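**Q** Just so it is clear, I am handing over upload-v5.csv, which has CSV, C-alpha atoms and all ligand atoms.
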chain,number,residue,atom,x,y,z
A,37,MET,CA,-9.7,-5.6,-30.7
A,38,THR,CA,-9.8,-9.3,-30.0
A,39,LYS,CA,-6.9,-11.5,-28.8
A,40,LYS,CA,-6.6,-14.8,-30.5
A,41,HIS,CA,-4.0,-16.2,-28.1
A,42,THR,CA,-4.4,-17.1,-24.5
A,43,LYS,CA,-0.9,-16.3,-23.4
A,44,PRO,CA,-1.1,-13.2,-21.1
A,45,SER,CA,0.6,-10.1,-22.5
A,46,ARG,CA,3.7,-9.1,-20.6
A,47,GLY,CA,3.2,-7.0,-17.5
A,48,LYS,CA,4.5,-3.5,-17.2
A,49,LEU,CA,7.4,-2.6,-14.9
A,50,THR,CA,7.4,0.7,-13.0
A,51,VAL,CA,10.5,1.6,-11.0
A,52,ILE,CA,10.7,4.3,-8.5
A,53,ALA,CA,14.3,5.0,-7.5
A,54,GLY,CA,16.3,7.5,-5.5
A,55,PRO,CA,17.9,8.1,-2.1
A,56,MET,CA,16.1,7.9,1.3
A,57,PHE,CA,13.7,10.7,2.1
A,58,ALA,CA,12.8,11.2,-1.5
A,59,GLY,CA,9.2,10.1,-1.2
A,60,LYS,CA,9.6,6.6,-2.8
A,61,THR,CA,7.4,4.8,-0.3
A,62,THR,CA,4.9,7.6,-0.4
A,63,LYS,CA,4.7,7.2,-4.2
A,64,LEU,CA,4.0,3.4,-3.7
A,65,LEU,CA,1.3,4.2,-1.1
A,66,THR,CA,-0.3,6.6,-3.6
A,67,LEU,CA,-0.2,3.9,-6.3
A,68,PHE,CA,-1.6,1.3,-3.9
A,69,SER,CA,-4.6,3.6,-3.0
A,70,VAL,CA,-5.3,4.4,-6.7
A,71,LEU,CA,-5.1,0.8,-7.8
A,72,SER,CA,-7.2,-0.4,-4.8
A,73,ASN,CA,-9.9,2.2,-5.6
A,74,LEU,CA,-10.0,0.9,-9.2
A,75,GLY,CA,-10.7,-2.6,-7.8
A,76,TYR,CA,-7.4,-4.3,-8.6
A,77,SER,CA,-6.2,-7.3,-6.5
A,78,ILE,CA,-2.8,-6.2,-5.4
A,79,LEU,CA,-0.2,-7.8,-3.2
A,80,CYS,CA,2.4,-5.6,-1.5
A,81,PHE,CA,5.8,-6.9,-0.4
A,82,LYS,CA,8.7,-5.4,1.4
A,83,ALA,CA,12.3,-6.7,1.4
A,84,GLU,CA,13.6,-6.7,5.0
A,85,ALA,CA,17.2,-6.5,6.0
A,86,GLU,CA,15.9,-7.8,9.4
A,87,SER,CA,12.7,-9.7,8.7
A,88,ASN,CA,10.0,-10.4,11.1
A,89,GLY,CA,8.8,-13.1,8.7
A,90,GLY,CA,5.2,-12.1,8.6
A,91,MET,CA,2.6,-9.5,7.8
A,92,GLY,CA,2.9,-5.9,8.8
A,93,HIS,CA,2.8,-2.3,7.7
A,94,THR,CA,5.4,-0.3,5.9
A,95,ARG,CA,5.5,3.3,6.7
A,96,SER,CA,6.6,6.1,4.6
A,97,HIS,CA,8.3,8.9,6.5
A,98,ASP,CA,5.0,10.7,6.6
A,99,GLU,CA,3.6,7.7,8.5
A,100,ARG,CA,0.9,6.4,6.2
A,101,PRO,CA,0.8,2.6,6.5
A,102,LEU,CA,0.7,0.2,3.6
A,103,PRO,CA,-0.2,-3.5,4.3
A,104,VAL,CA,2.7,-5.6,3.3
A,105,ILE,CA,4.1,-9.1,3.4
A,106,TYR,CA,7.7,-9.1,4.5
A,107,ILE,CA,10.1,-11.1,2.5
A,108,ARG,CA,13.5,-12.0,3.8
A,109,MET,CA,16.2,-10.4,1.7
A,110,ASN,CA,17.7,-13.8,0.8
A,111,GLU,CA,14.4,-15.3,-0.3
A,112,PRO,CA,13.0,-13.1,-3.1
A,113,GLU,CA,11.5,-16.2,-4.9
A,114,LYS,CA,8.9,-16.4,-2.1
A,115,ILE,CA,7.1,-13.5,-3.9
A,116,LEU,CA,6.3,-15.9,-6.7
A,117,GLN,CA,4.7,-18.4,-4.3
A,118,TYR,CA,2.3,-15.7,-2.9
A,119,VAL,CA,1.5,-14.3,-6.3
A,120,GLY,CA,0.7,-17.8,-7.8
A,121,ARG,CA,-2.6,-17.7,-5.9
A,122,ASP,CA,-5.8,-15.7,-6.4
A,123,GLY,CA,-5.3,-14.2,-9.8
A,124,ILE,CA,-3.1,-11.3,-8.7
A,125,LYS,CA,-2.6,-8.8,-11.5
A,126,LYS,CA,-0.6,-6.0,-9.7
A,127,VAL,CA,2.3,-6.4,-7.4
A,128,ILE,CA,4.0,-3.7,-5.3
A,129,ILE,CA,7.5,-4.3,-3.8
A,130,ASP,CA,9.1,-1.9,-1.4
A,131,ASN,CA,12.9,-1.7,-0.7
A,132,ILE,CA,14.0,-4.0,-3.4
A,133,ASN,CA,17.7,-2.9,-3.0
A,134,PHE,CA,18.0,-5.5,-0.3
A,135,PHE,CA,17.4,-8.5,-2.5
A,136,PRO,CA,20.3,-10.3,-4.3
A,137,LYS,CA,20.5,-8.6,-7.7
A,138,ASP,CA,20.4,-11.4,-10.2
A,139,ARG,CA,17.9,-13.5,-8.3
A,140,PHE,CA,15.5,-10.6,-7.9
A,141,ILE,CA,15.7,-9.6,-11.6
A,142,SER,CA,14.7,-13.2,-12.4
A,143,VAL,CA,11.7,-12.9,-10.0
A,144,VAL,CA,10.6,-9.6,-11.7
A,145,LYS,CA,11.0,-11.1,-15.2
A,146,SER,CA,8.9,-14.1,-14.1
A,147,LEU,CA,6.1,-11.8,-12.7
A,148,LEU,CA,6.1,-9.7,-15.9
A,149,HIS,CA,6.0,-12.9,-18.0
A,150,ARG,CA,2.9,-14.0,-16.1
A,151,GLY,CA,1.2,-10.7,-17.2
A,152,ILE,CA,1.5,-9.1,-13.8
A,153,ASP,CA,2.2,-5.4,-13.5
A,154,VAL,CA,5.1,-4.7,-11.1
A,155,TYR,CA,5.6,-1.5,-9.2
A,156,LEU,CA,8.8,-1.3,-7.1
A,157,ASN,CA,11.1,1.0,-5.4
A,158,GLY,CA,14.7,0.9,-4.3
A,159,LEU,CA,17.7,2.9,-3.4
A,160,ILE,CA,20.0,3.3,-6.4
A,161,TYR,CA,23.1,3.6,-4.1
A,162,ASP,CA,24.0,2.3,-0.7
A,163,TYR,CA,25.5,4.5,2.0
A,164,ARG,CA,29.0,4.0,0.4
A,165,LYS,CA,27.7,5.5,-3.0
A,166,GLN,CA,28.0,2.0,-4.5
A,167,GLU,CA,25.3,0.6,-6.7
A,168,PHE,CA,22.7,-1.1,-4.4
A,169,GLY,CA,21.0,-4.4,-5.4
A,170,ALA,CA,19.0,-4.6,-8.6
A,171,THR,CA,17.6,-1.0,-8.7
A,172,LYS,CA,19.9,0.4,-11.4
A,173,SER,CA,19.5,-2.6,-13.7
A,174,LEU,CA,15.7,-2.6,-13.3
A,175,MET,CA,15.6,1.1,-14.1
A,176,LYS,CA,17.1,0.2,-17.5
A,177,MET,CA,14.5,-2.6,-18.0
A,178,ALA,CA,11.5,-0.5,-16.8
A,179,ASP,CA,8.6,0.6,-18.9
A,180,GLU,CA,8.3,3.6,-16.6
A,181,CYS,CA,11.1,4.9,-14.5
A,182,ILE,CA,10.5,7.6,-11.9
A,183,GLU,CA,13.7,8.9,-10.4
A,184,GLN,CA,13.1,10.9,-7.2
A,185,PHE,CA,15.5,13.0,-5.2
A,186,SER,CA,15.7,14.6,-1.8
A,187,ILE,CA,17.4,17.7,-0.5
A,188,CYS,CA,20.9,17.6,0.9
A,189,VAL,CA,20.7,18.4,4.6
A,190,LYS,CA,24.2,19.9,4.5
A,191,CYS,CA,23.9,22.4,1.6
A,192,GLY,CA,20.4,22.4,0.3
A,193,ALA,CA,21.2,21.1,-3.1
A,194,LYS,CA,19.5,18.2,-4.9
A,195,ALA,CA,20.3,15.0,-3.0
A,196,ALA,CA,20.8,11.7,-4.9
A,197,HIS,CA,22.7,9.9,-2.1
A,198,THR,CA,22.1,8.5,1.3
A,199,GLU,CA,24.7,9.0,4.1
A,200,ARG,CA,24.7,6.8,7.2
A,201,VAL,CA,25.3,8.8,10.3
A,202,SER,CA,25.0,6.0,12.9
A,203,GLY,CA,25.0,2.3,13.2
A,204,GLY,CA,27.6,-0.2,12.1
A,205,THR,CA,29.3,-0.7,8.8
A,206,GLU,CA,27.2,-3.7,7.5
A,207,LEU,CA,25.7,-3.1,4.1
A,208,THR,CA,22.2,-4.2,4.8
A,209,ILE,CA,21.3,-2.6,8.1
A,210,GLY,CA,17.7,-1.3,8.1
A,211,THR,CA,16.0,1.5,9.8
A,212,THR,CA,13.9,-0.9,11.9
A,213,GLY,CA,14.5,-4.2,13.6
A,214,LYS,CA,17.1,-5.1,16.2
A,215,ILE,CA,20.0,-3.4,14.6
A,216,LYS,CA,19.2,0.2,13.5
A,217,ALA,CA,21.1,2.7,11.5
A,218,GLU,CA,20.3,6.3,10.9
A,219,TYR,CA,20.6,8.1,7.6
A,220,ILE,CA,20.4,11.5,6.0
A,221,ALA,CA,20.0,12.5,2.4
A,222,VAL,CA,23.0,14.3,0.9
A,223,CYS,CA,24.3,15.5,-2.5
A,224,SER,CA,27.3,13.8,-4.1
A,225,ASP,CA,29.7,16.5,-3.0
A,226,CYS,CA,28.7,16.5,0.6
A,227,HIS,CA,28.5,12.8,1.0
A,228,GLN,CA,30.9,11.1,3.5
A,229,GLU,CA,31.2,7.4,4.0
A,230,HIS,CA,30.3,6.2,7.5
A,231,LYS,CA,33.1,4.3,9.1
A,232,GLY,CA,31.2,3.0,12.1
A,301,ZN,ZN,25.3,18.9,-0.3
Could I get this structure in the form of structure tokens?
Ligand SMILES: [Zn+2]
**A**
Amino acid sequence: MTKKHTKPSRGKLTVIAGPMFAGKTTKLLTLFSVLSNLGYSILCFKAEAESNGGMGHTRSHDERPLPVIYIRMNEPEKILQYVGRDGIKKVIIDNINFFPKDRFISVVKSLLHRGIDVYLNGLIYDYRKQEFGATKSLMKMADECIEQFSICVKCGAKAAHTERVSGGTELTIGTTGKIKAEYIAVCSDCHQEHKG
């Protein structure tokens, strides 16, 4: 099959979604290692509620590192600047729930339009059981949607939610950085909203 036009075909979007402790970052790490072994040039990004503004490693809860470029949660367009170089064909983005919804969706559309395959993960719900960032919208746009779940620590049922058990009541507190919050995975019935 020959292609007559030079315009790149649209990239594919893969969304991994679920609560915390559902193996979302582990899934990204697996994809990263598979794609790396196949010789693809990949860039990995992570949205940070509290950014250190540089390179680092994101860790899944089983402690395997993934080399990432941290992107401040209010600067998702920075991803396009990094990807503009070096003929990158695959992009992995961790923690996308922190980015502003509409702006991040535009960034994803722009990547796909350039023929870049995008693999991302995010929480569907925040600790208040409200829709969190662009995750849910991107699930609907995705070529492949992998919804993962955890186990409720209170009753052992399937857990689709994340409950905050310590930290303040700000929406975007992370698990690292200066301000920390702690979370557990819970089912919808057992979920309680943290009041600080
Ligand atoms: Zn439960």
**Q** For ligand ZN 301 (chain A), list the contacting residues at 6 Å or closer, counting only C-alpha atoms and all ligand atoms, as a ChimeraX atom specification.
**A** /A:188,190-191,193,222-223,225-226
**Q** Point out the residue among A:Gly169, A:Gly54, A:Pro103, A:Gly47 with the least atom-to-atom distance to A:Ile124, counting only C-alpha atoms.
**A**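 For A:Ile124, the nearest of the candidates is A:Gly47.
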**Q** Return the single residue from A:Arg139, A:Arg46, A:Lys165, A:Lys176 that is closest to A:Lys125, with distances computed using all atoms listed in the file.
**A**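 Smallest distance to A:Lys125 is found for A:Arg46.
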**Q** Figure out the distance between atom CA of A:Pro112 and atom CA of A:Glu199, please, to one decimal in Å.
**A**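 Computed distance, atom CA of A:Glu199 to atom CA of A:Pro112, equals 26.0 Å.
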**Q** Please identify all polymer residues within 8 Å of A:Asp162, counting only C-alpha atoms, omitting same-chain residues fewer than 6 positions from it, and present them as a list in words.
**A**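 Residues near the query, excluding close chain neighbours: Phe168, His197, Thr198 and Leu207 of chain A.
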**Q** Using only C-alpha atoms for the distances, tell me which of A:Val119, A:Ala178, A:Ala83, A:Ile78 is nearest to A:Ile107.
**A**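 Ranked by minimum distance to A:Ile107, first place goes to A:Ala83.
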**Q** Env of stretch 141-151 of chain A: 12 Å cut, atoms = all atoms listed in the file, seq-sep filter 6 positions within chain, self excluded. Answer as a ChimeraX atom specification.
**A** /A:42-51,111-120,123-129,132-133,135,169-179
**Q** Closest to A:Gly59 among A:Ser77, A:Ser186, A:Asn110, A:Ser72, using only C-alpha atoms?
**A**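 Counting only C-alpha atoms, the residue closest to A:Gly59 is A:Ser186.
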**Q** Near A:Ser69, counting only C-alpha atoms, which residues have an atom at most 12 Å away, once you skip same-chain residues fewer than 5 positions from it, shown as a PyMOL selection string?
**A** chain A and resi 62-64+74-78+80+100-103+128
**Q** Give me, please, the distance in Å between atom CA of A:His230 and atom CA of A:Thr205, quoted to one decimal.
**A**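 Separation of atom CA of A:His230 and atom CA of A:Thr205: 7.1 Å.
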**Q** Work out how far atom CA of A:Tyr219 is from atom CA of A:Phe185, in Å to one decimal.
**A** 14.6 Å
**Q** Quick one: of A:Lys216, A:Lys194, A:Arg108, A:Lys137, who's nearest to A:Gly158, counting only C-alpha atoms?
**A**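 Closest to A:Gly158, using only C-alpha atoms: A:Lys137.
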**Q** Ranking A:Gly204, A:Pro55, A:Gly232, A:Pro136 by minimum distance to A:Ile187 and counting all atoms listed in the file, which one comes first?
**A**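 Among A:Gly204, A:Pro55, A:Gly232, A:Pro136, it is A:Pro55 that comes nearest to A:Ile187.
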